[in-house]
Each structure stands twice: as C-alpha cells, then as structure tokens.
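See below for work-v9.txt, which holds compact mmCIF, C-alpha atoms and all ligand atoms.
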# COMPACT_ATOMS: atom_id res chain seq x y z
CA MET A 1 -4.20 17.96 -13.50
CA THR A 2 -4.29 18.66 -9.81
CA GLN A 3 -1.78 18.49 -6.99
CA ILE A 4 -3.11 17.79 -3.48
CA ASN A 5 -1.37 19.35 -0.51
CA ILE A 6 -2.34 18.45 3.02
CA SER A 7 -0.54 20.08 5.93
CA HIS A 8 -1.08 19.61 9.65
CA ALA A 9 -4.38 17.81 9.16
CA LYS A 10 -6.15 16.98 12.40
CA LYS A 11 -9.27 14.91 13.04
CA VAL A 12 -11.03 14.35 16.35
CA PHE A 13 -14.07 12.11 16.94
CA ASP A 14 -15.75 12.52 20.36
CA ASP A 15 -12.57 13.68 22.13
CA VAL A 16 -10.50 10.93 20.49
CA THR A 17 -7.77 12.24 18.19
CA VAL A 18 -7.77 9.92 15.21
CA ILE A 19 -5.35 11.99 13.08
CA PRO A 20 -3.04 14.21 15.15
CA ASP A 21 -0.92 16.05 12.57
CA LEU A 22 -0.69 14.69 9.06
CA ASN A 23 1.28 16.07 6.10
CA ILE A 24 1.26 14.71 2.57
CA THR A 25 1.73 15.98 -0.96
CA ILE A 26 0.19 14.09 -3.85
CA ASN A 27 1.62 15.03 -7.21
CA GLU A 28 -0.31 15.64 -10.40
CA GLY A 29 -1.48 12.50 -12.12
CA GLU A 30 -0.12 10.22 -9.43
CA LEU A 31 -1.83 7.14 -8.05
CA PHE A 32 -1.19 7.68 -4.35
CA THR A 33 -2.19 5.01 -1.86
CA LEU A 34 -3.03 5.33 1.82
CA LEU A 35 -2.02 1.96 3.26
CA GLY A 36 -2.33 0.76 6.82
CA PRO A 37 -4.13 -1.64 9.17
CA SER A 38 -7.84 -1.37 9.77
CA GLY A 39 -8.73 1.60 11.97
CA CYS A 40 -5.58 3.65 11.25
CA GLY A 41 -7.56 6.54 9.73
CA LYS A 42 -7.43 5.96 5.97
CA THR A 43 -11.16 6.39 5.32
CA THR A 44 -11.27 9.30 7.75
CA LEU A 45 -8.60 11.14 5.76
CA LEU A 46 -10.24 10.32 2.43
CA ARG A 47 -13.57 11.66 3.71
CA MET A 48 -11.83 14.85 4.85
CA ILE A 49 -10.51 15.30 1.31
CA ALA A 50 -13.99 14.63 -0.09
CA GLY A 51 -15.66 17.01 2.36
CA PHE A 52 -17.77 14.40 4.15
CA ASN A 53 -15.79 14.76 7.41
CA SER A 54 -15.19 18.02 9.22
CA ILE A 55 -11.59 19.17 9.51
CA GLU A 56 -10.39 20.09 13.01
CA GLY A 57 -7.08 21.52 11.91
CA GLY A 58 -4.71 22.02 9.02
CA ASP A 59 -4.94 23.04 5.39
CA PHE A 60 -6.22 21.05 2.42
CA TYR A 61 -5.28 22.38 -0.99
CA PHE A 62 -6.13 21.31 -4.53
CA ASP A 63 -3.41 23.28 -6.33
CA ALA A 64 -3.73 26.87 -5.06
CA ASP A 65 -7.33 26.33 -4.02
CA ARG A 66 -7.91 25.89 -0.26
CA ILE A 67 -10.82 23.47 -0.01
CA ASN A 68 -11.31 23.22 3.77
CA ASP A 69 -14.59 25.13 3.75
CA LYS A 70 -15.78 24.16 0.31
CA ASP A 71 -18.99 22.18 -0.03
CA PRO A 72 -18.35 18.56 -1.15
CA SER A 73 -20.30 19.16 -4.35
CA LYS A 74 -17.97 22.05 -5.23
CA ARG A 75 -14.73 20.12 -4.77
CA ASN A 76 -14.95 18.42 -8.14
CA ILE A 77 -14.11 14.90 -7.00
CA GLY A 78 -15.06 11.46 -8.27
CA MET A 79 -15.48 8.65 -5.73
CA VAL A 80 -15.54 4.86 -5.85
CA PHE A 81 -16.35 2.87 -2.71
CA GLN A 82 -16.05 -0.70 -1.49
CA ASN A 83 -19.73 -1.54 -1.94
CA TYR A 84 -20.73 -0.92 -5.52
CA ALA A 85 -22.46 2.40 -5.23
CA ILE A 86 -24.18 2.31 -8.60
CA PHE A 87 -27.91 2.83 -8.90
CA PRO A 88 -29.71 -0.53 -9.21
CA HIS A 89 -32.71 0.90 -11.06
CA LEU A 90 -30.63 2.54 -13.80
CA THR A 91 -28.90 0.80 -16.71
CA VAL A 92 -25.14 0.87 -17.13
CA ARG A 93 -25.41 3.78 -19.58
CA GLU A 94 -27.80 5.72 -17.32
CA ASN A 95 -25.45 5.23 -14.39
CA VAL A 96 -22.53 6.69 -16.31
CA GLU A 97 -24.72 9.52 -17.65
CA PHE A 98 -26.07 10.37 -14.21
CA GLY A 99 -23.53 12.99 -13.10
CA LEU A 100 -23.46 14.52 -16.57
CA LYS A 101 -27.22 15.00 -16.67
CA GLN A 102 -27.11 16.57 -13.20
CA ARG A 103 -24.76 19.14 -14.65
CA LYS A 104 -27.38 19.90 -17.26
CA LEU A 105 -25.02 19.33 -20.15
CA ASP A 106 -26.20 19.17 -23.71
CA LYS A 107 -27.83 15.80 -24.56
CA LYS A 108 -25.36 14.99 -27.27
CA VAL A 109 -22.40 15.76 -24.99
CA VAL A 110 -23.92 13.53 -22.28
CA ARG A 111 -24.33 10.65 -24.70
CA GLU A 112 -20.91 10.95 -26.26
CA THR A 113 -19.09 11.38 -22.97
CA ALA A 114 -20.83 8.34 -21.47
CA GLU A 115 -19.92 6.30 -24.54
CA LYS A 116 -16.30 7.36 -24.28
CA TYR A 117 -16.08 6.11 -20.69
CA LEU A 118 -18.06 2.94 -21.39
CA LYS A 119 -15.51 2.18 -24.05
CA LEU A 120 -12.65 2.94 -21.68
CA ILE A 121 -13.96 0.35 -19.19
CA GLN A 122 -14.84 -2.04 -22.04
CA MET A 123 -18.52 -2.16 -21.19
CA GLU A 124 -20.12 -0.82 -24.40
CA LYS A 125 -21.69 -4.22 -24.99
CA TYR A 126 -23.48 -4.11 -21.65
CA MET A 127 -24.69 -0.54 -21.67
CA ASP A 128 -28.38 -1.41 -21.61
CA ARG A 129 -28.06 -3.88 -18.76
CA LYS A 130 -29.18 -3.30 -15.21
CA PRO A 131 -26.51 -3.71 -12.50
CA GLU A 132 -28.13 -6.89 -11.15
CA ARG A 133 -27.08 -8.65 -14.36
CA LEU A 134 -23.43 -7.66 -13.98
CA SER A 135 -20.60 -9.34 -12.08
CA GLY A 136 -18.99 -7.58 -9.13
CA GLY A 137 -16.00 -6.59 -11.23
CA GLN A 138 -18.21 -5.15 -13.98
CA GLN A 139 -20.20 -3.18 -11.42
CA GLN A 140 -16.99 -1.68 -10.04
CA ARG A 141 -15.88 -0.73 -13.55
CA VAL A 142 -19.21 1.06 -14.06
CA ALA A 143 -18.73 2.84 -10.72
CA LEU A 144 -15.29 3.93 -11.94
CA ALA A 145 -16.67 5.16 -15.30
CA ARG A 146 -19.43 7.06 -13.53
CA ALA A 147 -16.89 8.72 -11.22
CA LEU A 148 -14.63 9.68 -14.14
CA ALA A 149 -17.34 10.84 -16.56
CA ILE A 150 -17.81 14.16 -14.78
CA ASN A 151 -14.13 14.92 -15.43
CA PRO A 152 -13.23 15.40 -11.77
CA ALA A 153 -10.02 17.06 -10.60
CA VAL A 154 -9.33 14.22 -8.20
CA LEU A 155 -10.40 10.57 -7.99
CA LEU A 156 -10.87 9.00 -4.54
CA MET A 157 -11.16 5.23 -4.14
CA ASP A 158 -11.85 3.50 -0.82
CA GLU A 159 -11.07 -0.24 -0.83
CA PRO A 160 -12.79 -0.62 -4.22
CA LEU A 161 -11.75 -4.25 -4.63
CA SER A 162 -12.42 -5.73 -1.22
CA ASN A 163 -15.77 -7.26 -2.18
CA LEU A 164 -14.29 -9.13 -5.15
CA ASP A 165 -12.79 -12.61 -5.11
CA ALA A 166 -9.02 -13.02 -5.20
CA LYS A 167 -8.53 -13.67 -8.91
CA LEU A 168 -10.81 -10.83 -9.98
CA ARG A 169 -9.08 -8.46 -7.54
CA VAL A 170 -5.80 -9.03 -9.35
CA ASP A 171 -7.39 -8.42 -12.78
CA MET A 172 -9.18 -5.31 -11.54
CA ARG A 173 -5.98 -3.86 -10.08
CA LYS A 174 -4.53 -3.92 -13.54
CA ALA A 175 -7.66 -2.42 -15.11
CA ILE A 176 -7.78 0.42 -12.58
CA ARG A 177 -4.09 1.12 -13.06
CA GLU A 178 -4.42 1.24 -16.84
CA ILE A 179 -7.51 3.45 -16.81
CA GLN A 180 -5.97 5.80 -14.24
CA ARG A 181 -2.82 6.14 -16.36
CA GLU A 182 -4.81 6.71 -19.52
CA VAL A 183 -6.98 9.41 -17.95
CA GLY A 184 -4.00 10.80 -16.02
CA ILE A 185 -6.10 11.80 -13.06
CA THR A 186 -4.62 12.46 -9.60
CA THR A 187 -5.92 9.54 -7.53
CA VAL A 188 -6.02 8.78 -3.82
CA TYR A 189 -6.49 5.06 -3.28
CA VAL A 190 -7.20 3.46 0.09
CA THR A 191 -6.40 -0.15 0.94
CA HIS A 192 -5.24 -2.28 3.89
CA ASP A 193 -3.78 -4.83 1.46
CA GLN A 194 -0.04 -4.26 1.04
CA GLU A 195 0.23 -6.44 -2.04
CA GLU A 196 -2.53 -4.47 -3.77
CA ALA A 197 -0.84 -1.20 -2.78
CA MET A 198 2.50 -2.39 -4.16
CA ALA A 199 0.94 -3.51 -7.44
CA ILE A 200 -1.03 -0.37 -8.19
CA SER A 201 0.72 2.68 -6.71
CA ASP A 202 3.19 5.33 -7.77
CA GLN A 203 3.59 6.41 -4.16
CA ILE A 204 2.36 4.88 -0.91
CA ALA A 205 1.88 6.49 2.50
CA VAL A 206 2.07 3.84 5.20
CA MET A 207 -0.12 4.85 8.14
CA LYS A 208 -0.39 3.67 11.72
CA ASP A 209 -2.65 5.25 14.35
CA GLY A 210 -3.32 8.27 12.16
CA ILE A 211 0.40 8.94 11.69
CA VAL A 212 2.23 8.61 8.38
CA GLN A 213 5.19 6.30 8.96
CA GLN A 214 6.75 6.70 5.52
CA VAL A 215 5.93 7.92 2.03
CA GLY A 216 7.68 6.26 -0.87
CA SER A 217 7.54 4.23 -4.02
CA PRO A 218 6.71 0.52 -3.61
CA LYS A 219 10.38 -0.30 -4.17
CA ALA A 220 11.68 2.23 -1.69
CA LEU A 221 9.27 0.99 0.98
CA TYR A 222 10.27 -2.61 0.43
CA HIS A 223 14.02 -2.11 0.30
CA ARG A 224 14.47 0.82 2.66
CA PRO A 225 11.63 0.79 5.17
CA ALA A 226 11.97 3.74 7.55
CA ASN A 227 11.13 1.73 10.63
CA GLU A 228 10.28 -1.73 11.90
CA PHE A 229 6.54 -1.23 11.44
CA VAL A 230 6.97 -0.50 7.73
CA ALA A 231 9.49 -3.35 7.37
CA SER A 232 7.02 -5.89 8.71
CA PHE A 233 3.86 -4.38 7.18
CA ILE A 234 5.31 -4.31 3.65
CA GLY A 235 6.20 -7.94 2.96
CA ARG A 236 7.67 -10.15 5.66
CA THR A 237 10.84 -9.82 7.64
CA ASN A 238 12.95 -11.30 10.43
CA ILE A 239 13.96 -9.05 13.29
CA VAL A 240 17.23 -10.00 14.99
CA MET A 241 18.84 -8.15 17.92
CA ALA A 242 22.48 -7.13 17.59
CA GLU A 243 25.14 -4.90 19.14
CA LEU A 244 26.36 -2.27 16.71
CA LYS A 245 30.08 -1.51 16.91
CA HIS A 246 31.80 0.80 14.48
CA SER A 247 35.30 -0.42 13.82
CA ASN A 248 37.22 1.02 10.93
CA GLU A 249 35.97 4.06 9.17
CA GLY A 250 32.87 3.37 7.13
CA VAL A 251 32.44 -0.17 8.40
CA ALA A 252 29.93 -1.24 11.02
CA GLU A 253 29.91 -4.58 12.76
CA LEU A 254 26.68 -6.09 13.92
CA HIS A 255 27.38 -8.57 16.71
CA LEU A 256 24.53 -11.02 16.84
CA GLN A 257 23.47 -12.99 19.88
CA ASN A 258 25.01 -16.23 18.67
CA GLY A 259 28.46 -14.68 18.53
CA HIS A 260 28.38 -14.10 14.80
CA VAL A 261 29.43 -10.82 13.30
CA VAL A 262 27.76 -9.26 10.29
CA VAL A 263 29.73 -6.56 8.56
CA TYR A 264 27.56 -3.82 7.23
CA PRO A 265 29.07 -1.16 5.01
CA LYS A 266 27.46 2.09 6.11
CA LEU A 267 25.70 2.92 9.35
CA ASN A 268 27.05 6.36 10.02
CA HIS A 269 23.71 7.67 11.23
CA LEU A 270 23.69 5.36 14.27
CA SER A 271 26.02 5.35 17.27
CA ASP A 272 27.22 2.16 18.93
CA GLN A 273 24.21 0.62 20.67
CA THR A 274 21.83 -2.30 20.76
CA VAL A 275 19.95 -2.40 17.46
CA ARG A 276 17.25 -4.42 15.76
CA VAL A 277 18.18 -5.78 12.36
CA SER A 278 15.53 -6.47 9.74
CA ILE A 279 16.43 -9.28 7.33
CA ARG A 280 13.96 -10.32 4.64
CA PRO A 281 13.46 -14.09 4.17
CA GLU A 282 14.98 -13.94 0.69
CA ASP A 283 18.10 -12.14 1.93
CA PHE A 284 19.38 -15.22 3.72
CA ILE A 285 21.47 -16.93 1.07
CA ARG A 286 22.37 -20.60 1.37
CA VAL A 287 26.10 -21.36 1.12
CA GLU A 288 27.92 -24.65 0.91
CA GLN A 289 29.55 -24.61 4.30
CA GLU A 290 30.16 -22.36 7.22
CA ALA A 291 32.73 -19.76 6.33
CA SER A 292 33.96 -17.12 8.75
CA LEU A 293 32.10 -13.83 8.64
CA ASN A 294 28.41 -13.40 7.98
CA THR A 295 27.68 -17.12 7.96
CA PHE A 296 25.35 -19.05 10.22
CA VAL A 297 24.54 -22.67 10.65
CA GLY A 298 20.98 -23.73 11.25
CA LYS A 299 18.60 -26.62 11.13
CA ILE A 300 15.44 -26.74 9.03
CA GLU A 301 12.43 -26.96 11.31
CA ASP A 302 9.65 -26.63 8.77
CA SER A 303 9.16 -26.13 5.05
CA VAL A 304 6.24 -24.94 2.94
CA TYR A 305 6.34 -25.52 -0.81
CA LEU A 306 4.71 -22.65 -2.74
CA GLY A 307 5.57 -23.51 -6.33
CA LEU A 308 8.05 -20.84 -7.33
CA ASN A 309 9.47 -20.54 -3.83
CA THR A 310 9.80 -22.70 -0.76
CA GLU A 311 9.56 -21.10 2.66
CA TYR A 312 11.64 -22.58 5.46
CA VAL A 313 11.70 -22.03 9.18
CA VAL A 314 15.32 -22.36 10.25
CA ALA A 315 16.58 -22.66 13.82
CA LEU A 316 19.92 -20.86 14.06
CA SER A 317 22.59 -22.27 16.36
CA ASP A 318 21.47 -19.99 19.20
CA GLY A 319 17.92 -21.36 18.87
CA HIS A 320 16.60 -18.22 17.18
CA LEU A 321 13.98 -19.07 14.52
CA VAL A 322 14.13 -17.25 11.19
CA GLN A 323 12.08 -17.41 8.00
CA VAL A 324 14.11 -18.16 4.90
CA THR A 325 12.74 -18.14 1.34
CA GLU A 326 14.46 -19.89 -1.53
CA GLU A 327 13.53 -20.57 -5.10
CA SER A 328 12.15 -24.09 -5.30
CA SER A 329 14.13 -26.76 -7.07
CA PHE A 330 12.55 -29.82 -8.60
CA GLU A 331 15.50 -32.12 -8.05
CA GLU A 332 16.71 -30.92 -4.73
CA ASP A 333 14.65 -29.47 -1.94
CA LEU A 334 15.79 -29.19 1.62
CA THR A 335 14.20 -31.49 4.16
CA VAL A 336 13.17 -30.93 7.75
CA GLY A 337 16.01 -31.74 10.12
CA GLU A 338 18.72 -30.95 7.57
CA GLN A 339 21.66 -28.73 8.59
CA ILE A 340 22.35 -25.77 6.36
CA ALA A 341 24.70 -22.78 6.28
CA LEU A 342 23.37 -19.32 5.50
CA THR A 343 24.90 -15.99 4.77
CA ILE A 344 23.20 -12.61 4.68
CA ASN A 345 22.92 -10.20 1.80
CA THR A 346 24.20 -7.25 3.84
CA ASP A 347 23.29 -4.64 1.24
CA LYS A 348 19.66 -5.50 1.76
CA ILE A 349 19.34 -5.48 5.55
CA ASN A 350 18.01 -2.54 7.54
CA VAL A 351 19.06 -1.52 11.03
CA TYR A 352 16.87 0.25 13.60
CA CYS A 353 17.40 1.61 17.11
CA ALA A 354 16.17 -0.87 19.70
CA GLU A 355 14.70 1.89 21.94
P1 LIG B 401 -9.56 2.81 8.34
O1 LIG B 401 -10.29 3.32 7.16
O2 LIG B 401 -8.09 3.02 8.26
O3 LIG B 401 -9.88 1.38 8.65
P2 LIG B 401 -11.15 4.74 9.78
O4 LIG B 401 -10.70 6.01 9.19
O5 LIG B 401 -12.45 4.20 9.32
O6 LIG B 401 -10.01 3.65 9.63
O7 LIG B 401 -11.22 4.92 11.34
C1 LIG B 401 -10.18 5.47 12.11
C2 LIG B 401 -10.63 5.58 13.55
O8 LIG B 401 -11.65 6.55 13.65
C3 LIG B 401 -11.21 4.30 14.13
O9 LIG B 401 -10.79 4.19 15.45
C4 LIG B 401 -12.70 4.53 14.03
O10 LIG B 401 -13.35 3.81 15.03
C5 LIG B 401 -12.81 6.02 14.24
N1 LIG B 401 -13.99 6.60 13.56
C6 LIG B 401 -14.19 6.61 12.22
N2 LIG B 401 -15.35 7.25 11.92
C7 LIG B 401 -15.90 7.61 13.10
C8 LIG B 401 -17.09 8.31 13.46
N3 LIG B 401 -17.96 8.76 12.54
N4 LIG B 401 -17.32 8.53 14.78
C9 LIG B 401 -16.43 8.11 15.72
N5 LIG B 401 -15.31 7.44 15.44
C10 LIG B 401 -15.01 7.21 14.16
MG MG B 402 -11.61 2.31 5.86

Starting from the file, lay out its structure as structure tokens.
Ligand code: ADP
Ligand code: MG
Amino acid sequence: MTQINISHAKKVFDDVTVIPDLNITINEGELFTLLGPSGCGKTTLLRMIAGFNSIEGGDFYFDADRINDKDPSKRNIGMVFQNYAIFPHLTVRENVEFGLKQRKLDKKVVRETAEKYLKLIQMEKYMDRKPERLSGGQQQRVALARALAINPAVLLMDEPLSNLDAKLRVDMRKAIREIQREVGITTVYVTHDQEEAMAISDQIAVMKDGIVQQVGSPKALYHRPANEFVASFIGRTNIVMAELKHSNEGVAELHLQNGHVVVYPKLNHLSDQTVRVSIRPEDFIRVEQEASLNTFVGKIEDSVYLGLNTEYVVALSDGHLVQVTEESSFEEDLTVGEQIALTINTDKINVYCAE
C-alpha cells in the first residue's frame, strides 16, 4: 500500500495561479476526497498526481518515491473518469484484460486476473457484452475493474458518478466504497457533491480557490468546521453575528443582536470581539416557553415537509431569519404564523472571527 505526500504544490495556467501552495498527506489504504466547488482546482491536482499536468512547484511523493518527473505510464496509477472511458468496441472482459495484455502478462494470468475483478464488481454474467448493452452504472463498474486489474499503487477517480441518475449514484457510492475497502488501495476521489464526499470518504480535503481549507473526517468537518466556508459548504448552517465577552474563567458569553445571551463553555482561543456564530438548523431545539438564557422567541414564516424532517424558516424577535430543522411529527406539526421558543445546543455551535 502507498502513502501519498504532496508538499508546496503549485500550478499555474497562462500566468494564472490555480494552486498556490498545497500540502496534503494521504495515508495508506485511505479513501481521500478532494471536495470543493467547480473550478477550485480538484481535477488540476488529480492530473498533477497522474502526471497529465506539469508541476510548477513542490514535491509529489508515492512513499519514498518522488514522482514529479516520472512519466505517467511509470507512476502505476489506475484512473476512473466522469465519462465512462471504457472501449466501446471491446467486450466487458476485453476491457478489463486490456491493461494486463499491454503488460504482456501470461495468458492464463490475464484471464484469471480479469475474472477476479469481474467477480469483484459482480459483472461475470455480462463479460461477453459490449459496453453499449450496459447501463451507466455497469459501465462505471467495468471502468473501475479495468483500473484496478493492473494492480496500481494508487487509484484516482474524478467525479465518477456525475453522469448517473440520483438513485444509482447512491448505490454506486456504496459499491465503490466496498470495493475500495476490499482491495485496500489508496484512493484519491474528486467530487463537488458534499453528500457524496461524506458518504464515501475516510478523509476529506475541502478546497476553495486552490487552497485547502480543512482536512478531516466527515464527522470532524461537520461538527467542527475550521471556518465559515467549510461550515456552509458541508451541510447547511445559520450565521448569526454576536459580541463575544469572556466573563468568568472558562465561560464565554455571546451577546446576540436581539439582546439575548448565549453561554458557550470554551472559547479561549478568541479575544473579546465581534464574531460570527454558525448554528446548524438541527441545533435549534424547541422548548415549551421562553426561559432566561439561550432562549429565543420566533414566528414560523415557512415550512417544508420532507418526510423524516420538517424544515422551518423562523423569524426571531429581532427580525433575523433562521433555518430550523425538526423531526416531523404526524400528529403535531408547526404551522406558519405560530409563535415558538427555541434554545441552542451550545456544544454544537462554532464561532469565527468576523474580520
Ligand atoms: P475543478 O475540477 O475543481 O472543477 P479544475 O481543476 O478543472 O477545477 O480547474 C481549476 C481552474 O483551472 C479553473 O479556473 C480552470 O478554468 C483552470 N484550468 C483548468 N485546466 C486548464 C487548462 N488546461 N488551461 C487553462 N486553465 C485551466
Ligand atoms: Mg473537475
């Protein structure tokens, strides 16, 4: 298994710096996702790893092996792209055998290896079919088997599910995850879809404008986003302005615009200042009536029923609109115009400098 180390990577296209100075480490056997909005440099970085883009600065290592100047064919990588890059004139089996035959392996080894991977992707039944007679999901599984059959050190996948419909995308996420785990191959996965990234990854690097904002597990990114960009890119959040005032030792008060005070246990890394508070829709908790601290009154402006949950837009007493999510209830759902009282799960909020 292979560890990937990238330090001070730089990429320039026609005088435009797309990646200024990027550092990441991808551990052995990990499924590591590059996540960010379109144009942030995900494909560019993946192509630098593959050897299809020149590298203007920095070091790229596969274990102790510096690959910067290595020919793409010598880097021992498998790739799967968005558009099914399997050969239309070859059968499923011939597609999976392709890379093996190129390596001039023994015929028996070629056949047995291809069969092993066809089994892994559950496509033995279809091995004599041409790609045109396969669904999009099946074609992507063949592309994955073909990439894996050559036993690469590293697997690179660039938005492999974006041409599939929504239901199939969810099934394929699971299939890719299972196959990747079973093979245990170090994988770099690119997507702009945060839900897909959360579902599939061990670690995620959130990127914006060629800069890594945070690297972490899906849970860490959701619960402790390093900045406001990550907080709003991973899931949804409300941003509320507040004045931070440390009172007693270890306790921080967040004075919100409407005069309410939220007590937050530990904010030692920030001095007293204007801050922006990120509160997830599910971290507003409905309470029976307005108590003293940490409780707000508001009026329901809108509600969207989503089955498991209902999403509300609530106007707080200062007119500020917030999104609130609650588990739906068959008997009792809140109606537009209704007054409610909310408290905040203070363990879950995140506080950022206003700048
Ligand atoms: P992503 O995959 O995150 O959507 P890309 O890596 O494709 O983003 O692109 C990052 C930036 O680099 C974009 O601004 C894009 O226009 C630019 N770019 C990508 N490839 C080239 C190229 N071959 N020539 C010039 N600019 C490029
Ligand atoms: Mg891309």

Task: Contacts of ligand MG 402 (chain B), 9 Å or closer, all atoms listed in the file, given as a PyMOL selection string - done: chain A and resi 38-44+46+158-159+190-192

Residues of the last selection are to be written out with C-alpha atoms, as a JSON list (two decimals), in the frame of the given file.
[["chain", "number", "residue", "atom", "x", "y", "z"],
["A", 38, "SER", "CA", -7.84, -1.37, 9.77],
["A", 39, "GLY", "CA", -8.73, 1.60, 11.97],
["A", 40, "CYS", "CA", -5.58, 3.65, 11.25],
["A", 41, "GLY", "CA", -7.56, 6.54, 9.73],
["A", 42, "LYS", "CA", -7.43, 5.96, 5.97],
["A", 43, "THR", "CA", -11.16, 6.39, 5.32],
["A", 44, "THR", "CA", -11.27, 9.30, 7.75],
["A", 46, "LEU", "CA", -10.24, 10.32, 2.43],
["A", 158, "ASP", "CA", -11.85, 3.50, -0.82],
["A", 159, "GLU", "CA", -11.07, -0.24, -0.83],
["A", 190, "VAL", "CA", -7.20, 3.46, 0.09],
["A", 191, "THR", "CA", -6.40, -0.15, 0.94],
["A", 192, "HIS", "CA", -5.24, -2.28, 3.89]]

Task: Pick from A:Glu311, A:Asp209, A:Ala354, A:Ser278 nearest to A:Glu243, counting all atoms listed in the file - done: A:Ala354

With only C-alpha atoms counted and 12 Å as the cut-off, give the residues of stretch 160-262 of chain A in contact with stretch 115-133 of chain A, each with its shortest interatomic distance in Å and the pair that gives it, as CSV.
residue,atom,partner,partner_atom,distance
A:Met172,CA,A:Ile121,CA,10.6
A:Lys174,CA,A:Ile121,CA,11.8
A:Ala175,CA,A:Ile121,CA,8.0
A:Ile176,CA,A:Ile121,CA,9.0
A:Arg177,CA,A:Ile121,CA,11.6
A:Glu178,CA,A:Leu120,CA,9.7
A:Ile179,CA,A:Leu120,CA,7.1
A:Gln180,CA,A:Leu120,CA,10.4
A:Arg181,CA,A:Leu120,CA,11.6
A:Glu182,CA,A:Leu120,CA,9.0
A:Val183,CA,A:Leu120,CA,9.4

Open item on the list: Which residues are near ligand LIG 401 (chain B) - at most 12 Å, using all atoms listed in the file? Format: as JSON, numbers by chain.
Closed with: {"A": [10, 11, 12, 13, 14, 15, 16, 17, 18, 19, 20, 33, 34, 35, 36, 37, 38, 39, 40, 41, 42, 43, 44, 45, 46, 47, 48, 52, 53, 54, 81, 82, 157, 158, 159, 189, 190, 191, 192, 193, 206, 207, 208, 209, 210, 211, 212]}

Could you please take those selected residues and save C-alpha atoms as a compact mmCIF listing (two decimals), in the frame of the given file?
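Full text of out.txt as output:
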# COMPACT_ATOMS: atom_id res chain seq x y z
CA LYS A 10 -6.15 16.98 12.40
CA LYS A 11 -9.27 14.91 13.04
CA VAL A 12 -11.03 14.35 16.35
CA PHE A 13 -14.07 12.11 16.94
CA ASP A 14 -15.75 12.52 20.36
CA ASP A 15 -12.57 13.68 22.13
CA VAL A 16 -10.50 10.93 20.49
CA THR A 17 -7.77 12.24 18.19
CA VAL A 18 -7.77 9.92 15.21
CA ILE A 19 -5.35 11.99 13.08
CA PRO A 20 -3.04 14.21 15.15
CA THR A 33 -2.19 5.01 -1.86
CA LEU A 34 -3.03 5.33 1.82
CA LEU A 35 -2.02 1.96 3.26
CA GLY A 36 -2.33 0.76 6.82
CA PRO A 37 -4.13 -1.64 9.17
CA SER A 38 -7.84 -1.37 9.77
CA GLY A 39 -8.73 1.60 11.97
CA CYS A 40 -5.58 3.65 11.25
CA GLY A 41 -7.56 6.54 9.73
CA LYS A 42 -7.43 5.96 5.97
CA THR A 43 -11.16 6.39 5.32
CA THR A 44 -11.27 9.30 7.75
CA LEU A 45 -8.60 11.14 5.76
CA LEU A 46 -10.24 10.32 2.43
CA ARG A 47 -13.57 11.66 3.71
CA MET A 48 -11.83 14.85 4.85
CA PHE A 52 -17.77 14.40 4.15
CA ASN A 53 -15.79 14.76 7.41
CA SER A 54 -15.19 18.02 9.22
CA PHE A 81 -16.35 2.87 -2.71
CA GLN A 82 -16.05 -0.70 -1.49
CA MET A 157 -11.16 5.23 -4.14
CA ASP A 158 -11.85 3.50 -0.82
CA GLU A 159 -11.07 -0.24 -0.83
CA TYR A 189 -6.49 5.06 -3.28
CA VAL A 190 -7.20 3.46 0.09
CA THR A 191 -6.40 -0.15 0.94
CA HIS A 192 -5.24 -2.28 3.89
CA ASP A 193 -3.78 -4.83 1.46
CA VAL A 206 2.07 3.84 5.20
CA MET A 207 -0.12 4.85 8.14
CA LYS A 208 -0.39 3.67 11.72
CA ASP A 209 -2.65 5.25 14.35
CA GLY A 210 -3.32 8.27 12.16
CA ILE A 211 0.40 8.94 11.69
CA VAL A 212 2.23 8.61 8.38

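For the pair atom CA of A:Ala149 and atom CA of A:Asp59, the separation is 28.0 Å.
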
Task: For atom CA of A:Val277 and atom CA of A:Ile349, the interatomic separation in Å (one decimal) - done: 6.9 Å

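By chain and then residue number, the residues within 9 Å of A:Gly319 are Asn258, Gly298 and Ala315 of chain A, counting all atoms listed in the file and disregarding those fewer than 4 positions away in sequence.
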
Open item on the list: What's the separation between atom CA of A:Arg141 and atom CA of A:Ala205, in Å to one decimal place?
Closed with: 25.0 Å

Select from stretch 89-164 of chain A every residue with an atom at most 12 Å from any atom of stretch 3-6 of chain A, then for each give the shortest pair of atoms and their distance in Å to one decimal, using all atoms listed in the file, rows by chain and rising number, as a tab-separated table.
residue	atom	partner	partner_atom	distance
A:Ala153	CA	A:Gln3	CA	9.1
A:Val154	CA	A:Ile4	CA	8.6
A:Leu155	CA	A:Ile4	CA	11.2
A:Leu156	CA	A:Ile4	CA	11.8

- [ ] Would you kindly return, as a PyMOL selection string, each protein, DNA or RNA residue with an atom no farther than 7 Å from any atom of A:Val313, considering all atoms listed in the file and excluding same-chain residues fewer than 2 positions away?
- [x] chain A and resi 300-303+311+315+321-324

Open item on the list: So, with all atoms listed in the file as the atoms that count, which of A:Ala9, A:Ala252, A:Leu100, A:Ala143 lies closest to A:Thr25?
Closed with: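 Distance minimum relative to A:Thr25 lands on A:Ala9.
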
Task: Expected answer as a ChimeraX atom specification: all residues with atoms within 12 Å of (9.4, -27.3, 3.3), all atoms listed in the file - done: /A:300-307,309-314,323-329,332-338

TODO: For each of A:Met79, A:Leu31, A:Ala50, A:Ile185, take the minimum atom-to-atom distance to A:Met1, counting all atoms listed in the file, then give the residue where this is smallest.
DONE: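 Checking each of A:Met79, A:Leu31, A:Ala50, A:Ile185 against A:Met1, counting all atoms listed in the file, the winner is A:Ile185.
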
Task: A:Thr186 environment, 6 Å, only C-alpha atoms, sequence neighbours closer than 3 positions dropped, as a list in words - done: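 Listing them by chain and then by number gives Glu28, Gly29, Glu30 and Val154 of chain A.
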
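Each of A:Thr113, A:Gln289, A:Asn23, A:Ser317 was checked against A:Leu342 using only C-alpha atoms; the smallest atom-to-atom distance is that of A:Gln289.
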
Task: Among listed residues A:Ala114, A:Ala166, A:Ile340, A:Leu90, nearest A:Leu144 (using only C-alpha atoms) - done: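 Among the listed residues, the smallest separation from A:Leu144 belongs to A:Ala114.
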
Open item on the list: Show me, as a list of chain:residue names, the residues that have an atom within 8 Å of A:Gln273 when counting only C-alpha atoms, minus same-chain residues fewer than 6 positions from it.
Closed with: A:Glu243, A:Leu244, A:Lys245, A:Cys353

Report as AutoDock Vina command-line options the centre and the edge lengths, in Å to one decimal, of the axis-aligned box holding every listed atom of stretch 199-207 of chain A, padded by 3 Å on each side.
--center_x 1.3 --center_y 1.5 --center_z 0.0 --size_x 10.6 --size_y 16.0 --size_z 22.3

- [ ] Kindly indicate which residue among A:Thr187, A:Gln102, A:Asn83, A:Thr237 lies nearest to A:Lys348, using all atoms listed in the file for the distances.
- [x]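 For A:Lys348, the nearest of the candidates is A:Thr237.
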
Open item on the list: Counting all atoms listed in the file, find residues at most 10 Å from (-20.2, 0.7, -9.2) (file frame) and give them as number ranges by chain.
Closed with: A: 79-88, 92, 95-96, 131, 136-147, 160
